[in-house]
Every structure is written in C-alpha cells, then in structure tokens.
>>> print(open('target-v5.cif').read())   # mmCIF, C-alpha atoms
data_query
loop_
_atom_site.label_atom_id
_atom_site.label_comp_id
_atom_site.auth_asym_id
_atom_site.auth_seq_id
_atom_site.Cartn_x
_atom_site.Cartn_y
_atom_site.Cartn_z
CA MET A 1 -17.31 -14.28 -36.77
CA PRO A 2 -14.63 -12.00 -38.32
CA PHE A 3 -11.09 -13.37 -38.22
CA PRO A 4 -9.68 -10.32 -36.34
CA LEU A 5 -11.78 -11.40 -33.36
CA TYR A 6 -9.72 -14.57 -33.09
CA LEU A 7 -6.51 -12.54 -33.21
CA LEU A 8 -7.77 -10.53 -30.24
CA ALA A 9 -8.70 -13.78 -28.50
CA LEU A 10 -5.10 -15.00 -28.91
CA ALA A 11 -3.84 -11.97 -27.02
CA VAL A 12 -6.52 -12.49 -24.36
CA PHE A 13 -5.26 -16.08 -24.04
CA ALA A 14 -1.72 -14.90 -23.31
CA MET A 15 -2.95 -12.31 -20.83
CA GLY A 16 -5.35 -14.74 -19.16
CA THR A 17 -2.53 -17.24 -18.72
CA SER A 18 -0.46 -14.54 -17.02
CA GLU A 19 -3.29 -13.48 -14.71
CA PHE A 20 -3.95 -16.98 -13.40
CA MET A 21 -0.56 -18.72 -13.65
CA LEU A 22 0.94 -17.48 -10.38
CA ALA A 23 -1.15 -19.86 -8.26
CA GLY A 24 1.30 -22.69 -8.99
CA LEU A 25 4.44 -20.56 -9.08
CA LEU A 26 4.37 -18.63 -5.79
CA PRO A 27 6.53 -21.04 -3.73
CA ASP A 28 9.30 -20.99 -6.35
CA ILE A 29 9.12 -17.22 -6.75
CA ALA A 30 9.28 -16.74 -2.98
CA SER A 31 12.27 -19.07 -2.62
CA ASP A 32 14.17 -17.56 -5.55
CA LEU A 33 13.65 -13.92 -4.53
CA GLY A 34 14.08 -14.43 -0.80
CA VAL A 35 10.57 -13.50 0.38
CA THR A 36 7.84 -15.42 2.16
CA VAL A 37 5.07 -17.16 0.26
CA GLY A 38 2.64 -14.77 1.93
CA ALA A 39 4.56 -11.78 0.60
CA ALA A 40 4.73 -13.33 -2.87
CA GLY A 41 0.97 -13.82 -2.65
CA VAL A 42 0.39 -10.07 -3.01
CA LEU A 43 1.29 -10.44 -6.69
CA THR A 44 -2.13 -11.96 -7.44
CA PRO A 45 -4.50 -9.38 -5.89
CA ALA A 46 -2.15 -6.60 -7.03
CA PHE A 47 -2.70 -7.73 -10.61
CA ALA A 48 -6.49 -7.78 -10.22
CA ILE A 49 -6.54 -4.38 -8.52
CA GLY A 50 -4.38 -2.99 -11.31
CA MET A 51 -6.92 -4.33 -13.79
CA VAL A 52 -9.82 -2.62 -11.98
CA LEU A 53 -8.05 0.74 -11.76
CA GLY A 54 -6.41 0.48 -15.14
CA ALA A 55 -9.51 -0.31 -17.21
CA PRO A 56 -11.14 3.15 -17.16
CA LEU A 57 -7.80 4.97 -16.96
CA MET A 58 -6.21 3.26 -19.94
CA ALA A 59 -9.43 3.31 -21.99
CA ALA A 60 -9.68 7.07 -21.44
CA LEU A 61 -6.05 7.59 -22.44
CA ALA A 62 -6.48 5.41 -25.54
CA ARG A 63 -9.46 7.49 -26.65
CA ASP A 64 -7.26 9.69 -28.81
CA TRP A 65 -5.23 6.84 -30.29
CA PRO A 66 -5.97 4.71 -33.36
CA VAL A 67 -7.49 1.39 -32.28
CA ARG A 68 -4.81 -0.76 -33.89
CA SER A 69 -1.99 1.31 -32.36
CA SER A 70 -3.64 1.08 -28.92
CA LEU A 71 -4.03 -2.69 -29.06
CA LEU A 72 -0.54 -3.21 -30.47
CA GLY A 73 1.05 -0.92 -27.89
CA PHE A 74 -0.70 -2.64 -25.00
CA VAL A 75 0.37 -6.09 -26.18
CA LEU A 76 4.01 -5.09 -26.70
CA VAL A 77 4.31 -3.38 -23.31
CA PHE A 78 2.64 -6.40 -21.69
CA SER A 79 5.23 -8.66 -23.35
CA ALA A 80 8.10 -6.40 -22.28
CA ALA A 81 6.86 -6.37 -18.67
CA HIS A 82 7.05 -10.17 -18.58
CA ALA A 83 10.52 -10.16 -20.11
CA VAL A 84 11.73 -7.80 -17.38
CA GLY A 85 9.97 -9.92 -14.76
CA ALA A 86 11.72 -13.02 -16.09
CA VAL A 87 15.22 -11.59 -15.54
CA THR A 88 14.86 -9.53 -12.38
CA SER A 89 16.24 -10.67 -9.04
CA SER A 90 14.34 -7.96 -7.15
CA PHE A 91 10.90 -8.65 -5.69
CA PRO A 92 9.87 -4.95 -5.79
CA VAL A 93 10.80 -4.85 -9.49
CA LEU A 94 8.73 -7.99 -10.10
CA CYS A 95 5.80 -6.33 -8.31
CA ALA A 96 6.23 -3.29 -10.53
CA THR A 97 6.21 -5.42 -13.67
CA ARG A 98 2.98 -7.09 -12.52
CA MET A 99 1.35 -3.69 -12.05
CA VAL A 100 2.49 -2.58 -15.51
CA ALA A 101 1.20 -5.85 -16.97
CA ALA A 102 -2.12 -5.38 -15.20
CA LEU A 103 -2.53 -1.83 -16.51
CA THR A 104 -1.75 -2.83 -20.08
CA ASN A 105 -3.94 -5.93 -19.80
CA ALA A 106 -6.80 -3.72 -18.58
CA GLY A 107 -6.26 -1.25 -21.39
CA PHE A 108 -6.11 -3.98 -24.00
CA LEU A 109 -9.25 -5.72 -22.76
CA ALA A 110 -11.20 -2.47 -22.46
CA VAL A 111 -10.35 -1.47 -26.04
CA ALA A 112 -10.73 -5.04 -27.35
CA LEU A 113 -14.23 -5.44 -25.84
CA THR A 114 -15.34 -2.23 -27.51
CA THR A 115 -13.58 -3.09 -30.78
CA ALA A 116 -15.11 -6.57 -30.88
CA THR A 117 -18.62 -5.11 -30.86
CA THR A 118 -17.79 -2.87 -33.83
CA LEU A 119 -16.61 -5.83 -35.93
CA VAL A 120 -20.04 -7.49 -35.87
CA PRO A 121 -23.67 -6.38 -36.34
CA ALA A 122 -25.06 -4.55 -33.31
CA ASP A 123 -27.25 -7.49 -32.28
CA LYS A 124 -24.28 -9.93 -32.19
CA LYS A 125 -22.39 -8.44 -29.25
CA GLY A 126 -22.85 -11.57 -27.16
CA ARG A 127 -21.35 -13.86 -29.79
CA ALA A 128 -18.43 -11.48 -30.33
CA LEU A 129 -17.83 -11.36 -26.58
CA ALA A 130 -17.95 -15.17 -26.44
CA VAL A 131 -15.16 -15.41 -29.02
CA LEU A 132 -13.07 -12.85 -27.15
CA LEU A 133 -13.57 -14.48 -23.75
CA SER A 134 -12.76 -17.87 -25.21
CA GLY A 135 -9.16 -16.71 -24.92
CA THR A 136 -9.59 -16.62 -21.14
CA THR A 137 -11.31 -19.99 -20.99
CA VAL A 138 -8.64 -21.64 -23.15
CA ALA A 139 -6.06 -20.10 -20.80
CA THR A 140 -7.65 -22.02 -17.92
CA ILE A 141 -7.75 -25.21 -20.02
CA ALA A 142 -4.24 -25.13 -21.47
CA GLY A 143 -2.32 -22.02 -20.47
CA VAL A 144 -2.47 -22.27 -16.69
CA PRO A 145 -1.78 -26.03 -16.41
CA GLY A 146 0.86 -25.71 -19.13
CA GLY A 147 2.48 -22.85 -17.25
CA SER A 148 2.53 -24.92 -14.07
CA VAL A 149 4.23 -27.81 -15.87
CA LEU A 150 6.73 -25.49 -17.55
CA GLY A 151 7.49 -23.83 -14.22
CA ALA A 152 8.01 -27.20 -12.55
CA LEU A 153 10.40 -28.36 -15.28
CA LEU A 154 12.35 -25.18 -16.08
CA GLY A 155 11.57 -22.76 -13.25
CA TRP A 156 9.10 -19.90 -12.87
CA ARG A 157 11.14 -17.59 -15.09
CA ALA A 158 10.53 -19.86 -18.08
CA THR A 159 6.79 -19.35 -17.66
CA PHE A 160 7.24 -15.57 -17.78
CA TRP A 161 9.32 -15.91 -20.95
CA ALA A 162 6.62 -18.12 -22.50
CA VAL A 163 3.93 -15.50 -21.87
CA ALA A 164 6.17 -12.81 -23.36
CA ALA A 165 6.69 -14.96 -26.45
CA LEU A 166 2.97 -15.71 -26.81
CA CYS A 167 2.30 -12.00 -27.20
CA LEU A 168 4.43 -11.71 -30.33
CA PRO A 169 2.21 -13.64 -32.79
CA ALA A 170 -0.77 -11.81 -31.30
CA ALA A 171 0.99 -8.51 -32.01
CA VAL A 172 1.66 -9.54 -35.62
CA GLY A 173 -1.98 -10.57 -35.99
CA ILE A 174 -3.22 -7.23 -34.65
CA LEU A 175 -0.87 -5.35 -36.95
CA THR A 176 -2.09 -7.22 -40.03
CA GLY A 177 -5.72 -7.97 -39.15
CA ILE A 178 -7.18 -5.02 -37.26
CA PRO A 179 -8.32 -2.10 -39.44
CA VAL A 180 -6.86 1.36 -38.87
CA ARG A 181 -9.43 3.69 -37.35
CA ARG A 182 -9.86 5.90 -34.33
CA MET A 183 -12.25 5.52 -31.44
CA PRO A 184 -14.96 8.21 -31.44
CA LYS A 185 -13.65 11.08 -29.35
CA ASN A 186 -15.69 14.21 -29.98
CA PRO A 187 -19.35 15.15 -30.38
CA ALA A 188 -19.10 14.78 -34.13
CA ASP A 189 -17.93 11.17 -33.85
CA GLY A 190 -19.40 10.19 -30.50
CA PRO A 191 -20.10 11.45 -26.98
CA PRO A 192 -17.41 13.37 -25.05
CA LEU A 193 -15.57 11.63 -22.23
CA ARG A 194 -17.64 13.37 -19.54
CA ALA A 195 -20.82 12.04 -21.11
CA GLU A 196 -19.37 8.53 -21.22
CA PHE A 197 -18.50 8.64 -17.52
CA ALA A 198 -22.01 9.97 -16.85
CA GLN A 199 -23.32 6.60 -18.03
CA LEU A 200 -22.19 5.27 -14.65
CA LYS A 201 -25.13 7.11 -13.10
CA SER A 202 -27.49 4.70 -14.86
CA PRO A 203 -29.08 2.32 -12.32
CA ARG A 204 -29.45 -0.30 -15.05
CA LEU A 205 -25.75 -0.23 -15.87
CA LEU A 206 -24.69 -0.28 -12.22
CA LEU A 207 -27.02 -3.21 -11.57
CA VAL A 208 -25.60 -5.44 -14.30
CA MET A 209 -22.03 -4.47 -13.33
CA LEU A 210 -22.78 -5.46 -9.73
CA LEU A 211 -24.34 -8.77 -10.77
CA GLY A 212 -21.42 -9.52 -13.08
CA ALA A 213 -18.94 -8.77 -10.29
CA LEU A 214 -20.82 -11.01 -7.80
CA VAL A 215 -20.98 -13.98 -10.18
CA ASN A 216 -17.32 -13.57 -11.12
CA ALA A 217 -16.40 -13.29 -7.44
CA ALA A 218 -18.18 -16.61 -6.84
CA THR A 219 -16.28 -18.17 -9.74
CA PHE A 220 -12.83 -17.12 -8.58
CA ALA A 221 -13.55 -17.71 -4.90
CA SER A 222 -13.67 -21.43 -5.62
CA PHE A 223 -11.35 -21.61 -8.64
CA THR A 224 -8.48 -20.10 -6.63
CA PHE A 225 -8.73 -22.72 -3.89
CA LEU A 226 -9.51 -25.88 -5.85
CA ALA A 227 -6.05 -27.42 -5.25
CA PRO A 228 -6.49 -28.21 -1.51
CA ILE A 229 -9.97 -29.56 -2.19
CA VAL A 230 -8.54 -31.96 -4.75
CA THR A 231 -5.58 -33.15 -2.69
CA ASP A 232 -6.92 -32.98 0.87
CA THR A 233 -10.70 -33.36 0.69
CA ALA A 234 -10.89 -35.75 -2.26
CA GLY A 235 -7.55 -37.41 -1.43
CA LEU A 236 -6.25 -37.29 -5.00
CA GLY A 237 -2.62 -36.83 -6.03
CA GLU A 238 -1.15 -33.48 -7.01
CA LEU A 239 -1.29 -34.33 -10.71
CA TRP A 240 -5.08 -34.36 -10.43
CA VAL A 241 -5.03 -30.64 -9.66
CA SER A 242 -4.14 -29.95 -13.30
CA VAL A 243 -6.87 -32.34 -14.43
CA VAL A 244 -9.46 -30.50 -12.34
CA LEU A 245 -8.28 -27.11 -13.64
CA VAL A 246 -8.55 -28.39 -17.21
CA LEU A 247 -12.08 -29.69 -16.54
CA PHE A 248 -13.12 -26.35 -15.08
CA GLY A 249 -11.62 -24.57 -18.09
CA ALA A 250 -13.29 -26.94 -20.55
CA GLY A 251 -16.62 -26.33 -18.85
CA SER A 252 -16.08 -22.58 -19.00
CA PHE A 253 -15.37 -22.80 -22.73
CA VAL A 254 -18.61 -24.71 -23.28
CA GLY A 255 -20.52 -22.23 -21.14
CA VAL A 256 -19.19 -19.16 -22.94
CA THR A 257 -19.83 -20.73 -26.35
CA VAL A 258 -23.43 -21.72 -25.61
CA ALA A 259 -24.27 -18.47 -23.82
CA GLY A 260 -22.77 -16.48 -26.68
CA ARG A 261 -25.58 -17.73 -28.93
CA LEU A 262 -28.27 -16.78 -26.43
CA SER A 263 -27.07 -13.69 -24.58
CA ASP A 264 -28.01 -11.22 -27.32
CA LYS A 265 -31.60 -12.34 -27.84
CA ARG A 266 -32.53 -14.32 -24.74
CA PRO A 267 -30.34 -13.29 -21.80
CA SER A 268 -33.20 -13.83 -19.38
CA LEU A 269 -33.29 -17.52 -20.36
CA VAL A 270 -29.60 -17.97 -19.53
CA ILE A 271 -30.01 -16.19 -16.21
CA ALA A 272 -33.32 -17.82 -15.24
CA ALA A 273 -32.02 -21.31 -16.00
CA GLY A 274 -28.34 -20.93 -15.17
CA GLY A 275 -28.63 -18.84 -12.01
CA PRO A 276 -30.54 -21.34 -9.82
CA LEU A 277 -28.47 -24.24 -11.16
CA LEU A 278 -25.27 -22.41 -10.33
CA LEU A 279 -26.61 -21.65 -6.86
CA ILE A 280 -27.44 -25.31 -6.25
CA GLY A 281 -24.14 -26.48 -7.71
CA TRP A 282 -21.71 -24.83 -5.26
CA PRO A 283 -23.13 -26.33 -2.03
CA THR A 284 -23.65 -29.64 -3.84
CA LEU A 285 -19.98 -29.63 -4.76
CA ALA A 286 -19.10 -28.86 -1.14
CA VAL A 287 -21.15 -31.83 0.08
CA LEU A 288 -19.82 -34.26 -2.54
CA ALA A 289 -16.22 -33.00 -2.82
CA ALA A 290 -14.83 -36.07 -1.03
CA ARG A 291 -16.10 -38.28 -3.85
CA PRO A 292 -13.66 -37.95 -6.78
CA VAL A 293 -16.12 -38.83 -9.57
CA ALA A 294 -18.68 -36.33 -8.31
CA LEU A 295 -15.95 -33.72 -7.85
CA LEU A 296 -14.72 -34.07 -11.43
CA ALA A 297 -18.21 -33.94 -12.92
CA LEU A 298 -19.39 -30.98 -10.83
CA VAL A 299 -16.24 -28.95 -11.49
CA PHE A 300 -16.97 -29.18 -15.23
CA VAL A 301 -20.63 -28.24 -14.73
CA GLN A 302 -19.83 -25.33 -12.43
CA GLY A 303 -17.26 -24.01 -14.88
CA ALA A 304 -19.86 -24.07 -17.64
CA LEU A 305 -22.59 -22.43 -15.57
CA SER A 306 -20.26 -19.82 -14.07
CA PHE A 307 -18.97 -18.57 -17.40
CA ALA A 308 -22.34 -18.84 -19.15
CA LEU A 309 -23.96 -16.63 -16.53
CA GLY A 310 -20.96 -14.35 -16.10
CA SER A 311 -20.43 -13.72 -19.82
CA THR A 312 -24.15 -13.03 -20.30
CA LEU A 313 -24.09 -10.40 -17.56
CA ILE A 314 -20.97 -8.80 -19.02
CA THR A 315 -22.72 -8.70 -22.40
CA ARG A 316 -25.56 -6.81 -20.71
CA VAL A 317 -22.98 -4.31 -19.43
CA LEU A 318 -21.98 -3.59 -23.03
CA TYR A 319 -25.62 -3.14 -24.04
CA GLU A 320 -26.46 -0.90 -21.10
CA ALA A 321 -23.32 1.19 -21.73
CA ALA A 322 -24.09 1.66 -25.42
CA GLY A 323 -24.02 5.41 -24.84
CA ALA A 324 -20.31 5.11 -23.91
CA PRO A 325 -18.76 3.61 -27.06
CA VAL A 326 -15.17 4.02 -25.82
CA MET A 327 -15.59 3.39 -22.09
CA ALA A 328 -18.11 0.52 -22.24
CA GLY A 329 -15.36 -2.07 -22.49
CA SER A 330 -13.63 -0.61 -19.44
CA TYR A 331 -16.83 -0.87 -17.39
CA ALA A 332 -17.13 -4.54 -18.36
CA THR A 333 -13.45 -5.12 -17.55
CA ALA A 334 -13.81 -3.42 -14.16
CA ALA A 335 -16.84 -5.54 -13.27
CA LEU A 336 -14.99 -8.74 -14.18
CA ASN A 337 -11.92 -7.88 -12.16
CA ILE A 338 -13.66 -6.48 -9.10
CA GLY A 339 -15.09 -9.98 -8.85
CA ALA A 340 -11.72 -11.60 -9.55
CA ALA A 341 -10.10 -9.56 -6.78
CA ALA A 342 -12.89 -9.78 -4.19
CA GLY A 343 -13.80 -13.46 -4.60
CA PRO A 344 -10.49 -14.99 -3.44
CA LEU A 345 -10.23 -12.49 -0.56
CA ILE A 346 -13.73 -13.41 0.64
CA ALA A 347 -13.01 -17.12 0.21
CA ALA A 348 -9.73 -16.84 2.14
CA THR A 349 -11.61 -15.70 5.25
CA THR A 350 -13.50 -19.01 5.32
CA LEU A 351 -10.45 -21.27 5.31
CA GLY A 352 -9.93 -21.00 9.06
CA SER A 353 -13.58 -21.76 9.81
CA ALA A 354 -15.18 -25.06 10.74
CA VAL A 355 -15.73 -25.97 7.08
CA GLY A 356 -12.00 -25.66 6.29
CA ASP A 357 -11.01 -26.25 2.67
CA LEU A 358 -14.68 -26.35 1.63
CA GLY A 359 -15.26 -22.79 2.83
CA PRO A 360 -14.65 -21.21 -0.61
CA LEU A 361 -17.37 -23.42 -2.14
CA TRP A 362 -19.90 -22.28 0.46
CA ALA A 363 -18.76 -18.68 -0.05
CA SER A 364 -19.38 -19.05 -3.79
CA GLY A 365 -22.89 -20.27 -3.08
CA LEU A 366 -23.59 -17.25 -0.88
CA LEU A 367 -22.24 -14.85 -3.53
CA VAL A 368 -24.48 -16.36 -6.22
CA ALA A 369 -27.46 -16.29 -3.81
CA THR A 370 -26.81 -12.59 -3.21
CA ALA A 371 -26.70 -11.95 -6.96
CA LEU A 372 -30.00 -13.75 -7.53
CA LEU A 373 -31.72 -11.95 -4.65
CA ILE A 374 -30.65 -8.63 -6.15
CA ALA A 375 -31.54 -9.68 -9.70
CA PHE A 376 -35.03 -11.03 -9.03
CA PRO A 377 -36.80 -7.71 -8.29
CA SER A 378 -35.06 -6.11 -11.29
CA ARG A 379 -35.30 -9.00 -13.71
CA GLY A 380 -36.75 -6.75 -16.43
CA VAL A 381 -33.35 -5.07 -16.75
CA LEU A 382 -31.82 -8.42 -17.70
CA THR A 383 -34.06 -9.02 -20.70
CA ALA A 384 -32.95 -8.16 -24.20
CA ARG A 385 -33.74 -4.60 -25.16
CA ARG A 386 -36.09 -3.74 -27.96
CA SER A 387 -34.44 -4.20 -31.33
CA SER A 388 -34.41 -0.48 -31.96
CA GLU A 389 -32.31 -0.02 -28.78
CA ALA A 390 -30.05 -2.98 -29.42
CA LEU A 391 -29.17 -1.69 -32.86
CA ARG A 392 -27.94 1.69 -31.68
#
>>> encode(input="target-v5.cif", output="structure tokens")
Amino acid sequence: MPFPLYLLALAVFAMGTSEFMLAGLLPDIASDLGVTVGAAGVLTPAFAIGMVLGAPLMAALARDWPVRSSLLGFVLVFSAAHAVGAVTSSFPVLCATRMVAALTNAGFLAVALTTATTLVPADKKGRALAVLLSGTTVATIAGVPGGSVLGALLGWRATFWAVAALCLPAAVGILTGIPVRRMPKNPADGPPLRAEFAQLKSPRLLLVMLLGALVNAATFASFTFLAPIVTDTAGLGELWVSVVLVLFGAGSFVGVTVAGRLSDKRPSLVIAAGGPLLLIGWPTLAVLAARPVALLALVFVQGALSFALGSTLITRVLYEAAGAPVMAGSYATAALNIGAAAGPLIAATTLGSAVGDLGPLWASGLLVATALLIAFPSRGVLTARRSSEALR
C-alpha cells in the first residue's frame, strides 16, 4: 500500500481517539466546568451528529479545493479546536469546539476515503480502506485507554492537548506525502454535484449504507457500555476496563486487516460467514459475561467480527457510489456515524430494563439480526461487481 495511506491513517488515529475518549473523561469534565455528568454526556452524541451532518456538507465545500489543502486544513482546524477546548472554562465553548472538531473530522474522513481509493488500483478499494480504518482500530487499542490514563494522571485537559499535538505530525505528513491535485468538479473532470447527490436515489447504495449503519450501531451499542459489564457483571476491577477496551480494539484491528484482503473480491464470503457469527456472538456474550475468561475472549472475537463486517459493508458503499467520486467518502462517513450515534442511544434505553447492564449486548444482537434479515433477500447486491464495473 502507498505510504501516503499510512499518513492519512495517522490523522484518523488522532481523530478516532478524540471521538471515543470522552467516555472516561465525562465525570472530570462535569466537575471542572460545573455541570452535571448528564449534561456533559451530550458531548458524545453531539460529536457523532456533527459527523453525520458534516460529512456531505464539508465534502461538497471541499470539492473546489486541492485535495492536499483540504486534508491539511481539516487537520489543523481539528487540532486548533482541541487546543481551545483544553483551555476553556466554559461548557458552551467546549460544546462548540466539539462541533467544530466533528465537522472537520467528517470533512477529513470524507475526503480521505475518496483520496485513499485514488491512491490504489480500482480493485483494491477494500485494502486501502482497511489501512485507513486501522487508524480508528489502533485508537481503540492505544489511544482511548492511553487518553483515559493521561486524563486520570494529569486531568482531562491534558488529553485534549495530546490529541491536538498528535495532529501536527499528521499535518506534516500530509503536506509532504499527499500529491497536489484537485477533486473532479465539473463535467470535464467528473460528474457535477447534483449528479453526485442523485446517486443517493440508488436502492443498492441506500441498502449498503443502511446495513453499514446497523452493524456499526450494534458495535457501538455494546462498546459504549462495556465498563459496567466488566466491573459489575464480571466483578473485575476498574483497571480491567482498559484491558477489555484494548482487547476489543485488537480484535477490530485483526478484523479490518483480514476483511481488507477479501472485501474487494469476495465480500459475500465475509458477510455470509461473519454475519451469523456476529449475531450469535452478542447474546452469547450476554449469557457468559459473568465469567471473566469467556468475557475477555468473546470481546476480542466480537471486535474482530464487528469491524470485519462493518468495513466490508462500508467498502461496498464506496463501490456502489462510484458515480460520485467526490461525495462517495461522505456517504460512507455518514453511514458509519449514523450507527455510532444511534447505537448508544438505543442501548441506553435497555439499561433500565430487566436485563440491566447486559441490555446493550442484547440490543446489539437485535441490530445485527435486523441487518441480516434485510440483507438476505438482497444478497446479490453484496457480491463483488463484475470486473468491468469495479474498475470504473
């Protein structure tokens, strides 16, 4: 894979760390800024919603900009937003910085997803996407637990400063490693913006976006609420929460890597094998969560299956949106983050039910079951396209 892909993955790592790090920082933020934990909790869905809305908006705005300038600008503004967040004593200002960070994160990811597919042959989109998304999976392995430790030792503001600093080497890498060129923006270079938005009328594209959102919703429904399962259901100490998060992240890295080698040529194999296993895995984890060894093993497996299936579906989004060379990345970004926003909200409604802390695991199982029921009658859409189509 081309080296610039890894530079983009570094920026995705910093942004992924920021997106997920607040789970362990909310109590400190609430105490420091004089708000309730519940009020501070709006920072997380606000970020995801900003990602959903920002992906098409920022991708459309960046249409007329050189690719390198777009990526560099997004990274620098993202870094600046975290620097402002690190020094503010105002909760509304912190909320505003999170929205700005979400918009620039969405813009970066939308452009980066499209750029990644232009750096490789047309039939290697899945492998390119795997490299890019490895930044997110490494964030769950190292960035999020590391941010929690840093926040515990030096305060939540130190974590914001660390994310801002992580963006700087990524910015240098983009400046030196990404070629200067513009995204296609007119009929001579590519379809007009209206034609790219018209791709959203395609039932095939909408189907794979929906499936990607459902699988990602299942992933984040459980990932968000793993801590109480570890400490209350399994009876492990708080330090084990970081261990479980690392295991989930390690599994996700394995899943993305393996799926990246299959999702271009044999996506139906990943979905046919991974989908039922993922469906079985969530209720199995719910049943065995009180047993620490089973919990640790299944968290790794579910991380691998979740990201293998999810990344394959997002790769299909890029293939189905091939007629939208600029906006395709924003459609993939929107699908990912609709799931990231909806999953925890759905899971939260189960916490007060009879199943208690295990509710999110059952909710994840239902979300995957829904995805498979939708996918089965339309399974032909999920197969690799003919080579002549894939090489467009």
>>> residues_around(input="target-v5.cif", residues="stretch 239-248 of chain A", least_positions_apart="3", cutoff="6 Å", atoms="only C-alpha atoms", output="JSON, numbers by chain")
{"A": [141, 145, 227, 251, 299, 300, 303]}
>>> residues_near_point(input="target-v5.cif", point="(-12.7, -12.6, -37.7)", cutoff="12 Å", atoms="only C-alpha atoms", output="list in words")
Met1, Pro2, Phe3, Pro4, Leu5, Tyr6, Leu7, Leu8, Ala9, Leu10, Thr115, Ala116, Thr117, Thr118, Leu119, Val120, Arg127, Ala128, Val131, Leu132, Gly173, Ile174, Gly177, Ile178 and Pro179 of chain A
>>> closest_residue(input="target-v5.cif", among="A:Gly365, A:Gly126, A:Pro192, A:Gly107", to="A:Ala59", atoms="all atoms listed in the file")
A:Gly107
>>> closest_residue(input="target-v5.cif", among="A:Leu53, A:Leu207, A:Val368, A:Ala289", to="A:Phe220", atoms="only C-alpha atoms")
A:Val368
>>> axis_aligned_box(input="target-v5.cif", around="stretch 52-66 of chain A", padding_each_side="6 Å", output="JSON")
{"center_x": -8.2, "center_y": 3.5, "center_z": -22.6, "size_x": 17.9, "size_y": 24.3, "size_z": 33.6}
>>> resolve_selection(input="target-v5.cif", expression="the PyMOL selection byres ((chain A and resi 46) around 12)", output="PyMOL selection string")
chain A and resi 19+22+39-45+47-54+94-103+337-338+340-342+345
>>> write_last_selection(input="target-v5.cif", atoms="C-alpha atoms", output="PDB file, keeping the file's coordinate frame")
ATOM      1  CA  GLU A  19      -3.290 -13.480 -14.710  1.00  0.00           C
ATOM      2  CA  LEU A  22       0.940 -17.480 -10.380  1.00  0.00           C
ATOM      3  CA  ALA A  39       4.560 -11.780   0.600  1.00  0.00           C
ATOM      4  CA  ALA A  40       4.730 -13.330  -2.870  1.00  0.00           C
ATOM      5  CA  GLY A  41       0.970 -13.820  -2.650  1.00  0.00           C
ATOM      6  CA  VAL A  42       0.390 -10.070  -3.010  1.00  0.00           C
ATOM      7  CA  LEU A  43       1.290 -10.440  -6.690  1.00  0.00           C
ATOM      8  CA  THR A  44      -2.130 -11.960  -7.440  1.00  0.00           C
ATOM      9  CA  PRO A  45      -4.500  -9.380  -5.890  1.00  0.00           C
ATOM     10  CA  PHE A  47      -2.700  -7.730 -10.610  1.00  0.00           C
ATOM     11  CA  ALA A  48      -6.490  -7.780 -10.220  1.00  0.00           C
ATOM     12  CA  ILE A  49      -6.540  -4.380  -8.520  1.00  0.00           C
ATOM     13  CA  GLY A  50      -4.380  -2.990 -11.310  1.00  0.00           C
ATOM     14  CA  MET A  51      -6.920  -4.330 -13.790  1.00  0.00           C
ATOM     15  CA  VAL A  52      -9.820  -2.620 -11.980  1.00  0.00           C
ATOM     16  CA  LEU A  53      -8.050   0.740 -11.760  1.00  0.00           C
ATOM     17  CA  GLY A  54      -6.410   0.480 -15.140  1.00  0.00           C
ATOM     18  CA  LEU A  94       8.730  -7.990 -10.100  1.00  0.00           C
ATOM     19  CA  CYS A  95       5.800  -6.330  -8.310  1.00  0.00           C
ATOM     20  CA  ALA A  96       6.230  -3.290 -10.530  1.00  0.00           C
ATOM     21  CA  THR A  97       6.210  -5.420 -13.670  1.00  0.00           C
ATOM     22  CA  ARG A  98       2.980  -7.090 -12.520  1.00  0.00           C
ATOM     23  CA  MET A  99       1.350  -3.690 -12.050  1.00  0.00           C
ATOM     24  CA  VAL A 100       2.490  -2.580 -15.510  1.00  0.00           C
ATOM     25  CA  ALA A 101       1.200  -5.850 -16.970  1.00  0.00           C
ATOM     26  CA  ALA A 102      -2.120  -5.380 -15.200  1.00  0.00           C
ATOM     27  CA  LEU A 103      -2.530  -1.830 -16.510  1.00  0.00           C
ATOM     28  CA  ASN A 337     -11.920  -7.880 -12.160  1.00  0.00           C
ATOM     29  CA  ILE A 338     -13.660  -6.480  -9.100  1.00  0.00           C
ATOM     30  CA  ALA A 340     -11.720 -11.600  -9.550  1.00  0.00           C
ATOM     31  CA  ALA A 341     -10.100  -9.560  -6.780  1.00  0.00           C
ATOM     32  CA  ALA A 342     -12.890  -9.780  -4.190  1.00  0.00           C
ATOM     33  CA  LEU A 345     -10.230 -12.490  -0.560  1.00  0.00           C
TER      34      LEU A 345
END
>>> resolve_selection(input="target-v5.cif", expression="the PyMOL selection byres ((chain A and resi 307) around 8)", output="compact mmCIF listing (two decimals) with C-alpha atoms, in the coordinates of the input")
# COMPACT_ATOMS: atom_id res chain seq x y z
CA SER A 252 -16.08 -22.58 -19.00
CA PHE A 253 -15.37 -22.80 -22.73
CA GLY A 255 -20.52 -22.23 -21.14
CA VAL A 256 -19.19 -19.16 -22.94
CA GLY A 303 -17.26 -24.01 -14.88
CA ALA A 304 -19.86 -24.07 -17.64
CA LEU A 305 -22.59 -22.43 -15.57
CA SER A 306 -20.26 -19.82 -14.07
CA ALA A 308 -22.34 -18.84 -19.15
CA LEU A 309 -23.96 -16.63 -16.53
CA GLY A 310 -20.96 -14.35 -16.10
CA SER A 311 -20.43 -13.72 -19.82
>>> residues_around(input="target-v5.cif", residues="A:Thr136", least_positions_apart="4", cutoff="8 Å", atoms="only C-alpha atoms", output="JSON, numbers by chain")
{"A": [9, 12, 13, 15, 16, 17, 132, 140]}
>>> closest_residue(input="target-v5.cif", among="A:Ala375, A:Val301, A:Val270, A:Ala164", to="A:Ala81", atoms="only C-alpha atoms")
A:Ala164
>>> resolve_selection(input="target-v5.cif", expression="the PyMOL selection byres ((chain A and resi 155) around 12)", output="PyMOL selection string")
chain A and resi 24-29+31-32+86-87+147-154+156-162
>>> residues_around(input="target-v5.cif", residues="A:Ile229", least_positions_apart="5", cutoff="7 Å", atoms="all atoms listed in the file", output="MDAnalysis selection string")
chainID A and resid 234 357:358
>>> write_last_selection(input="target-v5.cif", atoms="C-alpha atoms", output="CSV table (one decimal), in the frame of the given file")
chain,number,residue,atom,x,y,z
A,234,ALA,CA,-10.9,-35.8,-2.3
A,357,ASP,CA,-11.0,-26.2,2.7
A,358,LEU,CA,-14.7,-26.4,1.6
>>> closest_residue(input="target-v5.cif", among="A:Ala165, A:Leu210, A:Leu113, A:Tyr319", to="A:Lys265", atoms="all atoms listed in the file")
A:Tyr319
>>> atom_distance(input="target-v5.cif", atom1="atom CA of A:Gly343", atom2="atom CA of A:Ala80")
29.0 Å
>>> atom_distance(input="target-v5.cif", atom1="atom CA of A:Ser268", atom2="atom CA of A:Thr312")
9.1 Å
>>> atom_distance(input="target-v5.cif", atom1="atom CA of A:Ala290", atom2="atom CA of A:Ser364")
17.8 Å
>>> closest_residue(input="target-v5.cif", among="A:Leu76, A:Val163, A:Ala272, A:Ala55", to="A:Met21", atoms="all atoms listed in the file")
A:Val163
>>> residues_around(input="target-v5.cif", residues="A:Ser202", least_positions_apart="4", cutoff="10 Å", atoms="all atoms listed in the file", output="PyMOL selection string")
chain A and resi 198+206-207+320-321
